Each structure stands twice: as structure tokens, then as C-alpha cells.
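*Asks:* After the C-alpha cells below, expect a handful of questions from me.
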Amino acid sequence: MEFRIFTEPQQGAAYSDLLKVARATEDAGYDGFFRSDHYLRMGSADGLPGPTDAWTTLAGLAVQTSRVRLGTLMTAATFRLPGPLAITVAQVDQMSDGRVEFGIGSGWFEAEHTAYGIPFPALGDRFDMYTEQLEVITGLWTTPLKEKFSYTGKHYQVTDSPALPKPAQRPRPPVIIGGRGAKRTPALAARFADEFNVAFAEPSLAVEQFERVDAACRAIGRDPAGMTRSIAQAVCVGWDDAQVARRAAAIGREVDELKRNGLAGTPAEVVDRLGQWREQTGVGRIYLQILDLHDLDHLELIAAEVAPQL
């Protein structure tokens, strides 16, 4: 099982905080450092000093780390035009020597759109935009050198693009798609995704969604075995019950709730829980949602006592 660190900077983090966590992630041996793509805090967090842009952050980390994979869960299709986004991600992939993974979703948090003047269409239109963005972005990346790319959709039109720059990874960076939609999401994943992620769900729900994705792959003649299965879960690990309780309190959560809805407890308890996840779902990668970005000892404990057993 591969372990990646997943952060939520909109809850309150400066770039310097994210850099410390990313370097700790790399030093501890994790596979990747990922972040959300949000512009507004959620819940009771103060959100200070304010949001950081996902791809600006990843560009900085691309040159200030050397090994970990870097990416988003998930870039919002509503935030950016597909042509400039393809350029940005390709450039960050070059800057990182080919370590970028591109998670993209339709966008869902209406309040952050109204807070920063970003249009927020109805769900059906957002999903259409999301689909067209995948068409355009992957099309630009995979168009052969010296050839041009054109696309005509309802929301986006591209005419005779030189389709540059190319990402360092060829034919393109891995694409991550996730969500719980029963029809359109699995079909989109089957067409475009290298990895399908189910976030903050119970194993039974994850199994249902992975099976839908597998069926969508088979429907278009794709081998489902080529799709990486991943989950994202909040994590709170401590040497003993007292340390677990302190870490849960620091992020405003209850231990019992975290044990039901995430990964919480001693290393042995979390190893057991993850073993159940692997047995029930076949998941091969986990994104550990870290909400206290100042507790770097937490990352070291998980890397030393949980990851080696899985």
C-alpha cells in the first residue's frame, strides 16, 4: 500500500507551512504530497492567513522537493480555463522532473465561488465543463509535436493550438478522478483516469463505486486492472489513547467519531483498520488527510510504525 499526505490549506496555512510538511513528507519516505484546491475555509477554522493557490504552491514545491509525487485532490474545473490549465500543469511537471499527478473534479463548493467572483453553473453544466476540460487538457498534452490540436465543445473551443508545452511525463501526467456519482463519473473515469479515488467514505460505499468504475471500463473495452484504486481518510494516530485524544482535540474532532469515519488510534489499531480496507476494497493507495500542519511528529510516527506494516 502506498501512503500519500493530503493537506487542506484553505483551513489555514501559508506556503512556508506547506513547504515544511512537504519536506517532512519526503524525508519520512511517503510516496506523495497532495493538497486540496479551495479558496475558502470550511467549518470553524479561521483560515488565516488566507488561501494559497494550488498550482502556485505546487510550482514552488516542484523546485523545493526532489522525490515525492505532487498533485491535487481535486483541481476544480470551474476555477480555470482548460488551455491555460494545461500549460500550467505541464510547466509544473517540467519543473518537478515529471512528478505531477493531475486530480480534477467538477467543483462543488458554491460559497468559495461567490466569495471570489467565480461563476458557479448548475451541476449538469459543471459536469459538462469538467468533461470538456478533460478532453482539451489531455488532447493538448498528447498531440504529437509539430501537430496542432482543435476541439469544438459547448463550453470550450480550441482552434489550431500548437499544443505546447508538453509535460515531462509522456504521453501525459497521471489523471486522478473521484466522486460518488453512479453513472457519469465512472464513465468519465473509464475514459480518462489512471486512478480512481473515493474520499471519506465507508468501505462498502467504496466497493460499490470501484465496481461501477470497473464496469464502465469493461464497457469500453478497457481492462479495469489498469486503474489504481485509492481512498482518502482523515488520520489521527498516537502512541497511546492520551496522545490520540490530544491530536483529535487539536483538529476539533472526537476520537470515537474519527474511529468511525477515518483512521484513528494507536499504530496497531490503524494498521488493523487499513488491513480491513485493503481486504474489502482492493485499495492500493491511501491519502492521509493531515489537518494539523504543525505536528510533524505525527507524520514521522505514521511513517515509522504504520506504513512499514502494510
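Residue names in the C-alpha cells use chain letters A, B, ... in the order shown, residue numbers from 1 in each chain, and ligand numbers from 1 in the order shown.
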With a distance cut-off of 7 Å and only C-alpha atoms, select the neighbouring residues of range 35-50 of chain A, excluding the residue or stretch itself and same-chain residues fewer than 4 positions from it, and output the selection as a ChimeraX atom specification.
*Replies:* /A:6-8,10-14,54,71-76,112
*Asks:* Write the residues you've just listed into a file as a PDB file, in the first residue's frame, and include C-alpha atoms for each of them.
*Replies:*
```
ATOM      1  CA  PHE A   6      -3.075  15.153   1.775  1.00  0.00           C
ATOM      2  CA  THR A   7      -3.448  18.688   3.133  1.00  0.00           C
ATOM      3  CA  GLU A   8      -6.300  21.230   3.300  1.00  0.00           C
ATOM      4  CA  GLN A  10      -7.733  26.627   2.983  1.00  0.00           C
ATOM      5  CA  GLN A  11      -8.238  25.813   6.660  1.00  0.00           C
ATOM      6  CA  GLY A  12      -5.226  27.960   7.496  1.00  0.00           C
ATOM      7  CA  ALA A  13      -1.709  27.645   6.088  1.00  0.00           C
ATOM      8  CA  ALA A  14       0.935  29.780   4.435  1.00  0.00           C
ATOM      9  CA  ALA A  54      -2.954  25.029  -5.589  1.00  0.00           C
ATOM     10  CA  GLY A  71      -0.725  16.867  -7.093  1.00  0.00           C
ATOM     11  CA  THR A  72      -4.260  17.928  -6.257  1.00  0.00           C
ATOM     12  CA  LEU A  73      -7.366  16.266  -4.875  1.00  0.00           C
ATOM     13  CA  MET A  74      -9.047  17.802  -6.800  1.00  0.00           C
ATOM     14  CA  THR A  75      -8.414  20.760  -9.113  1.00  0.00           C
ATOM     15  CA  ALA A  76     -11.791  22.456  -9.669  1.00  0.00           C
ATOM     16  CA  GLU A 112     -16.000  29.993  -2.463  1.00  0.00           C
TER      17      GLU A 112
END
```
*Asks:* Could you give me, as a PyMOL selection string, the residues within 9 Å of Arg4 in chain A, counting only C-alpha atoms and dropping anything in the same chain fewer than 3 positions from it?
*Replies:* chain A and resi 25+30-34+68-69+285-289
*Asks:* Go ahead and save the picked residues with N, CA, C and O atoms, as a CSV table (one decimal), in the first residue's frame.
*Replies:*
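Output below, filename again.csv:
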```csv
chain,number,residue,atom,x,y,z
A,25,THR,N,7.3,15.1,4.5
A,25,THR,CA,6.7,14.0,3.8
A,25,THR,C,7.8,13.3,3.0
A,25,THR,O,7.8,12.1,3.0
A,30,TYR,N,7.3,9.0,2.5
A,30,TYR,CA,5.9,8.9,1.8
A,30,TYR,C,6.1,9.0,0.3
A,30,TYR,O,7.0,9.6,-0.2
A,31,ASP,N,5.0,8.5,-0.4
A,31,ASP,CA,5.1,8.5,-1.8
A,31,ASP,C,4.7,9.8,-2.5
A,31,ASP,O,5.2,10.1,-3.6
A,32,GLY,N,3.9,10.6,-1.8
A,32,GLY,CA,3.5,11.9,-2.4
A,32,GLY,C,2.9,12.9,-1.4
A,32,GLY,O,2.6,12.6,-0.3
A,33,PHE,N,2.9,14.1,-1.9
A,33,PHE,CA,2.3,15.3,-1.1
A,33,PHE,C,1.3,15.9,-2.0
A,33,PHE,O,1.5,16.3,-3.1
A,34,PHE,N,0.0,15.9,-1.5
A,34,PHE,CA,-1.1,16.4,-2.3
A,34,PHE,C,-1.8,17.5,-1.5
A,34,PHE,O,-1.7,17.5,-0.2
A,68,VAL,N,9.1,13.3,-4.0
A,68,VAL,CA,7.7,13.0,-3.8
A,68,VAL,C,6.9,13.4,-5.0
A,68,VAL,O,7.1,14.4,-5.7
A,69,ARG,N,5.8,12.6,-5.3
A,69,ARG,CA,4.8,12.9,-6.3
A,69,ARG,C,4.0,14.1,-5.7
A,69,ARG,O,3.8,14.3,-4.5
A,285,ARG,N,-3.7,2.5,-2.6
A,285,ARG,CA,-3.1,3.8,-2.3
A,285,ARG,C,-4.0,4.5,-1.3
A,285,ARG,O,-5.2,4.5,-1.5
A,286,ILE,N,-3.4,5.2,-0.3
A,286,ILE,CA,-4.2,5.9,0.6
A,286,ILE,C,-3.6,7.3,0.8
A,286,ILE,O,-2.4,7.5,0.9
A,287,TYR,N,-4.5,8.3,0.8
A,287,TYR,CA,-4.2,9.7,1.0
A,287,TYR,C,-4.6,10.0,2.5
A,287,TYR,O,-5.8,9.9,2.8
A,288,LEU,N,-3.6,10.3,3.3
A,288,LEU,CA,-3.9,10.6,4.7
A,288,LEU,C,-4.1,12.1,4.9
A,288,LEU,O,-3.2,12.9,4.7
A,289,GLN,N,-5.3,12.4,5.2
A,289,GLN,CA,-5.7,13.8,5.4
A,289,GLN,C,-5.1,14.3,6.7
A,289,GLN,O,-5.5,13.9,7.8
```
*Asks:* Restricting the calculation to only C-alpha atoms: of A:Gly181, A:Pro174, A:Pro9, A:Gly284, which residue gets closest to Thr228 in chain A?
*Replies:*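 Using only C-alpha atoms, Thr228 in chain A sits closest to A:Gly284.
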*Asks:* Using only C-alpha atoms, find the one residue out of A:Val89, A:Gln169, A:Leu263, A:Lys148 that sits nearest to Phe200 in chain A.
*Replies:* A:Leu263
*Asks:* Using DSSP assignments from the backbone, pull out every residue in range 6-198 of chain A that falls under alpha helix (DSSP H) and give it to me as a ChimeraX atom specification.
*Replies:* /A:15-28,54-64,82-95,110-115,123-142,184-192
*Asks:* Just the strand (DSSP E or B) stuff from range 25-212 of chain A, please, per backbone DSSP, written as a compact mmCIF listing (two decimals) with all heavy atoms, in the first residue's frame.
*Replies:*
```txt
# COMPACT_ATOMS: atom_id res chain seq x y z
N GLY A 32 3.87 10.62 -1.79
CA GLY A 32 3.45 11.85 -2.42
C GLY A 32 2.94 12.88 -1.43
O GLY A 32 2.56 12.57 -0.29
N PHE A 33 2.91 14.14 -1.88
CA PHE A 33 2.33 15.26 -1.14
C PHE A 33 1.26 15.88 -2.03
O PHE A 33 1.54 16.34 -3.14
CB PHE A 33 3.39 16.31 -0.80
CG PHE A 33 2.81 17.55 -0.16
CD1 PHE A 33 2.69 17.64 1.21
CD2 PHE A 33 2.37 18.62 -0.94
CE1 PHE A 33 2.13 18.76 1.80
CE2 PHE A 33 1.82 19.75 -0.36
CZ PHE A 33 1.70 19.82 1.02
N PHE A 34 0.04 15.90 -1.53
CA PHE A 34 -1.09 16.44 -2.29
C PHE A 34 -1.80 17.51 -1.46
O PHE A 34 -1.69 17.55 -0.24
CB PHE A 34 -2.08 15.32 -2.65
CG PHE A 34 -1.65 14.53 -3.85
CD1 PHE A 34 -0.48 13.79 -3.83
CD2 PHE A 34 -2.42 14.51 -5.01
CE1 PHE A 34 -0.07 13.06 -4.93
CE2 PHE A 34 -2.02 13.79 -6.11
CZ PHE A 34 -0.84 13.05 -6.08
N ARG A 35 -2.52 18.35 -2.17
CA ARG A 35 -3.27 19.39 -1.49
C ARG A 35 -4.63 19.56 -2.16
O ARG A 35 -4.84 19.18 -3.32
CB ARG A 35 -2.53 20.72 -1.48
CG ARG A 35 -2.20 21.29 -2.84
CD ARG A 35 -2.01 22.81 -2.78
NE ARG A 35 -3.28 23.47 -2.46
CZ ARG A 35 -3.37 24.72 -2.01
NH1 ARG A 35 -2.27 25.43 -1.82
NH2 ARG A 35 -4.55 25.27 -1.76
N ARG A 69 5.83 12.57 -5.27
CA ARG A 69 4.84 12.94 -6.27
C ARG A 69 4.05 14.14 -5.74
O ARG A 69 3.84 14.29 -4.53
CB ARG A 69 3.89 11.77 -6.53
CG ARG A 69 4.56 10.46 -6.90
CD ARG A 69 5.27 10.51 -8.24
NE ARG A 69 4.31 10.62 -9.34
CZ ARG A 69 4.68 10.74 -10.62
NH1 ARG A 69 5.97 10.77 -10.96
NH2 ARG A 69 3.77 10.82 -11.58
N LEU A 70 3.59 14.99 -6.64
CA LEU A 70 2.91 16.23 -6.28
C LEU A 70 1.60 16.34 -7.05
O LEU A 70 1.56 16.07 -8.25
CB LEU A 70 3.78 17.44 -6.60
CG LEU A 70 5.14 17.51 -5.91
CD1 LEU A 70 6.01 18.60 -6.55
CD2 LEU A 70 4.97 17.78 -4.41
N GLY A 71 0.53 16.74 -6.36
CA GLY A 71 -0.72 16.87 -7.09
C GLY A 71 -1.86 17.43 -6.27
O GLY A 71 -1.68 17.88 -5.13
N THR A 72 -3.05 17.38 -6.86
CA THR A 72 -4.26 17.93 -6.26
C THR A 72 -5.33 16.86 -6.13
O THR A 72 -5.48 15.98 -6.96
CB THR A 72 -4.84 19.06 -7.12
OG1 THR A 72 -4.95 18.61 -8.49
CG2 THR A 72 -3.98 20.30 -7.07
N THR A 75 -8.32 19.47 -8.43
CA THR A 75 -8.41 20.76 -9.11
C THR A 75 -9.86 20.98 -9.56
O THR A 75 -10.47 20.08 -10.14
CB THR A 75 -7.47 20.78 -10.33
OG1 THR A 75 -6.12 20.82 -9.87
CG2 THR A 75 -7.73 21.98 -11.22
N ALA A 76 -10.40 22.16 -9.30
CA ALA A 76 -11.79 22.46 -9.67
C ALA A 76 -11.87 22.93 -11.11
O ALA A 76 -11.21 23.90 -11.49
CB ALA A 76 -12.36 23.52 -8.74
N VAL A 100 4.35 15.20 -11.30
CA VAL A 100 3.00 15.71 -11.11
C VAL A 100 1.95 14.64 -11.40
O VAL A 100 2.09 13.84 -12.32
CB VAL A 100 2.76 16.95 -12.01
CG1 VAL A 100 1.28 17.21 -12.23
CG2 VAL A 100 3.42 18.18 -11.40
N GLU A 101 0.87 14.67 -10.59
CA GLU A 101 -0.32 13.88 -10.87
C GLU A 101 -1.51 14.83 -10.82
O GLU A 101 -1.62 15.66 -9.91
CB GLU A 101 -0.45 12.73 -9.89
CG GLU A 101 0.80 11.85 -9.93
CD GLU A 101 0.61 10.46 -9.37
OE1 GLU A 101 -0.53 10.11 -9.00
OE2 GLU A 101 1.63 9.73 -9.29
N PHE A 102 -2.39 14.69 -11.80
CA PHE A 102 -3.42 15.70 -12.03
C PHE A 102 -4.79 15.18 -11.61
O PHE A 102 -5.44 14.44 -12.32
CB PHE A 102 -3.43 16.06 -13.52
CG PHE A 102 -4.44 17.10 -13.92
CD1 PHE A 102 -4.46 18.35 -13.30
CD2 PHE A 102 -5.37 16.84 -14.92
CE1 PHE A 102 -5.38 19.31 -13.67
CE2 PHE A 102 -6.29 17.80 -15.30
CZ PHE A 102 -6.30 19.04 -14.68
N GLY A 103 -5.20 15.56 -10.38
CA GLY A 103 -6.55 15.27 -9.93
C GLY A 103 -7.47 16.40 -10.33
O GLY A 103 -7.16 17.58 -10.12
N ILE A 104 -8.61 16.07 -10.92
CA ILE A 104 -9.54 17.11 -11.36
C ILE A 104 -10.97 16.68 -11.08
O ILE A 104 -11.32 15.50 -11.21
CB ILE A 104 -9.35 17.44 -12.86
CG1 ILE A 104 -10.28 18.59 -13.28
CG2 ILE A 104 -9.51 16.20 -13.74
CD1 ILE A 104 -10.00 19.14 -14.66
N GLY A 105 -11.79 17.65 -10.65
CA GLY A 105 -13.20 17.41 -10.38
C GLY A 105 -14.04 18.56 -10.91
O GLY A 105 -13.52 19.56 -11.42
N PHE A 149 -3.79 21.00 -32.40
CA PHE A 149 -4.97 20.44 -31.75
C PHE A 149 -6.14 21.40 -31.85
O PHE A 149 -5.99 22.60 -31.62
CB PHE A 149 -4.66 20.18 -30.27
CG PHE A 149 -5.86 19.73 -29.47
CD1 PHE A 149 -6.29 18.42 -29.54
CD2 PHE A 149 -6.55 20.61 -28.65
CE1 PHE A 149 -7.41 17.99 -28.80
CE2 PHE A 149 -7.65 20.19 -27.91
CZ PHE A 149 -8.08 18.88 -27.99
N SER A 150 -7.29 20.86 -32.22
CA SER A 150 -8.53 21.65 -32.26
C SER A 150 -9.63 20.88 -31.55
O SER A 150 -9.62 19.64 -31.51
CB SER A 150 -8.95 21.94 -33.71
OG SER A 150 -8.00 22.76 -34.36
N TYR A 151 -10.57 21.62 -31.01
CA TYR A 151 -11.67 20.99 -30.28
C TYR A 151 -12.86 21.94 -30.31
O TYR A 151 -12.72 23.15 -30.11
CB TYR A 151 -11.28 20.71 -28.83
CG TYR A 151 -12.39 20.14 -27.99
CD1 TYR A 151 -12.69 18.79 -28.02
CD2 TYR A 151 -13.17 20.98 -27.18
CE1 TYR A 151 -13.73 18.27 -27.25
CE2 TYR A 151 -14.20 20.47 -26.41
CZ TYR A 151 -14.47 19.12 -26.45
OH TYR A 151 -15.50 18.60 -25.70
N THR A 152 -14.04 21.38 -30.53
CA THR A 152 -15.26 22.18 -30.51
C THR A 152 -16.24 21.55 -29.54
O THR A 152 -16.73 20.43 -29.76
CB THR A 152 -15.89 22.24 -31.91
OG1 THR A 152 -14.96 22.83 -32.82
CG2 THR A 152 -17.15 23.10 -31.88
N GLN A 157 -13.87 26.03 -27.06
CA GLN A 157 -13.45 25.81 -28.44
C GLN A 157 -11.95 26.10 -28.55
O GLN A 157 -11.48 27.12 -28.04
CB GLN A 157 -14.23 26.70 -29.41
CG GLN A 157 -15.73 26.41 -29.46
CD GLN A 157 -16.49 27.02 -28.30
OE1 GLN A 157 -16.24 28.18 -27.93
NE2 GLN A 157 -17.41 26.28 -27.71
N VAL A 158 -11.23 25.21 -29.18
CA VAL A 158 -9.78 25.37 -29.37
C VAL A 158 -9.51 25.23 -30.85
O VAL A 158 -9.93 24.25 -31.48
CB VAL A 158 -9.00 24.29 -28.59
CG1 VAL A 158 -7.49 24.43 -28.82
CG2 VAL A 158 -9.32 24.36 -27.10
N THR A 159 -8.79 26.19 -31.42
CA THR A 159 -8.56 26.18 -32.86
C THR A 159 -7.07 26.23 -33.16
O THR A 159 -6.37 27.17 -32.76
CB THR A 159 -9.24 27.39 -33.53
OG1 THR A 159 -10.65 27.37 -33.22
CG2 THR A 159 -9.06 27.35 -35.04
N ASP A 160 -6.58 25.20 -33.81
CA ASP A 160 -5.20 25.15 -34.31
C ASP A 160 -4.18 25.49 -33.23
O ASP A 160 -3.25 26.28 -33.44
CB ASP A 160 -5.02 26.08 -35.51
CG ASP A 160 -5.79 25.60 -36.73
OD1 ASP A 160 -6.05 24.39 -36.83
OD2 ASP A 160 -6.13 26.44 -37.58
N SER A 161 -4.33 24.88 -32.07
CA SER A 161 -3.36 25.12 -30.99
C SER A 161 -2.07 24.38 -31.27
O SER A 161 -2.08 23.21 -31.70
CB SER A 161 -3.92 24.62 -29.65
OG SER A 161 -2.93 24.69 -28.66
N VAL A 175 -3.80 10.97 -14.50
CA VAL A 175 -5.03 11.69 -14.21
C VAL A 175 -5.79 10.96 -13.10
O VAL A 175 -5.96 9.74 -13.17
CB VAL A 175 -5.92 11.81 -15.47
CG1 VAL A 175 -7.29 12.39 -15.12
CG2 VAL A 175 -5.23 12.68 -16.52
N ILE A 176 -6.22 11.71 -12.09
CA ILE A 176 -6.98 11.16 -10.97
C ILE A 176 -8.40 11.73 -11.01
O ILE A 176 -8.58 12.95 -11.08
CB ILE A 176 -6.33 11.50 -9.62
CG1 ILE A 176 -4.87 11.08 -9.59
CG2 ILE A 176 -7.11 10.83 -8.48
CD1 ILE A 176 -4.10 11.64 -8.39
N ILE A 177 -9.38 10.85 -10.97
CA ILE A 177 -10.78 11.24 -10.92
C ILE A 177 -11.39 10.56 -9.69
O ILE A 177 -10.98 9.46 -9.31
CB ILE A 177 -11.51 10.83 -12.22
CG1 ILE A 177 -11.08 11.75 -13.37
CG2 ILE A 177 -13.04 10.86 -12.05
CD1 ILE A 177 -11.65 11.38 -14.71
N GLY A 178 -12.35 11.22 -9.08
CA GLY A 178 -13.01 10.64 -7.91
C GLY A 178 -14.45 11.09 -7.83
O GLY A 178 -14.94 11.82 -8.69
N GLU A 195 -6.29 6.66 -12.11
CA GLU A 195 -6.57 6.36 -10.71
C GLU A 195 -7.96 6.85 -10.37
O GLU A 195 -8.37 7.93 -10.82
CB GLU A 195 -5.53 7.03 -9.81
CG GLU A 195 -5.77 6.91 -8.33
CD GLU A 195 -4.73 7.65 -7.50
OE1 GLU A 195 -3.61 7.91 -8.02
OE2 GLU A 195 -5.02 7.99 -6.34
N PHE A 196 -8.68 6.05 -9.58
CA PHE A 196 -9.99 6.49 -9.10
C PHE A 196 -9.95 6.55 -7.59
O PHE A 196 -9.56 5.59 -6.92
CB PHE A 196 -11.11 5.55 -9.56
CG PHE A 196 -12.46 6.16 -9.31
CD1 PHE A 196 -13.02 7.03 -10.24
CD2 PHE A 196 -13.17 5.89 -8.15
CE1 PHE A 196 -14.25 7.63 -10.00
CE2 PHE A 196 -14.40 6.49 -7.90
CZ PHE A 196 -14.94 7.35 -8.84
N ASN A 197 -10.39 7.69 -7.05
CA ASN A 197 -10.31 7.94 -5.62
C ASN A 197 -11.70 8.07 -5.01
O ASN A 197 -12.57 8.78 -5.54
CB ASN A 197 -9.52 9.23 -5.35
CG ASN A 197 -9.41 9.55 -3.88
OD1 ASN A 197 -10.21 10.29 -3.31
ND2 ASN A 197 -8.39 8.99 -3.25
N VAL A 198 -11.90 7.40 -3.89
CA VAL A 198 -13.12 7.56 -3.10
C VAL A 198 -12.71 8.17 -1.76
O VAL A 198 -11.94 7.56 -1.01
CB VAL A 198 -13.85 6.23 -2.89
CG1 VAL A 198 -15.10 6.44 -2.04
CG2 VAL A 198 -14.23 5.61 -4.23
N ALA A 199 -13.22 9.35 -1.48
CA ALA A 199 -12.77 10.08 -0.30
C ALA A 199 -13.81 10.05 0.81
O ALA A 199 -15.01 10.23 0.56
CB ALA A 199 -12.48 11.54 -0.67
```
*Asks:* Show me, as number ranges by chain, the residues that have an atom within 8 Å of Asp93 in chain A when counting only C-alpha atoms, minus same-chain residues fewer than 5 positions from it.
*Replies:* A: 62, 98-100, 167-169, 173
*Asks:* Which residue is closest to Lys154 in chain A? Choose from A:Arg229, A:Arg126, A:Arg67, A:Lys183 and count only C-alpha atoms.
*Replies:* A:Arg126
*Asks:* By how many Å are CA of Phe109 in chain A and CA of Ala234 in chain A apart?
*Replies:*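 According to the coordinates, CA of Phe109 in chain A and CA of Ala234 in chain A are separated by 19.4 Å.
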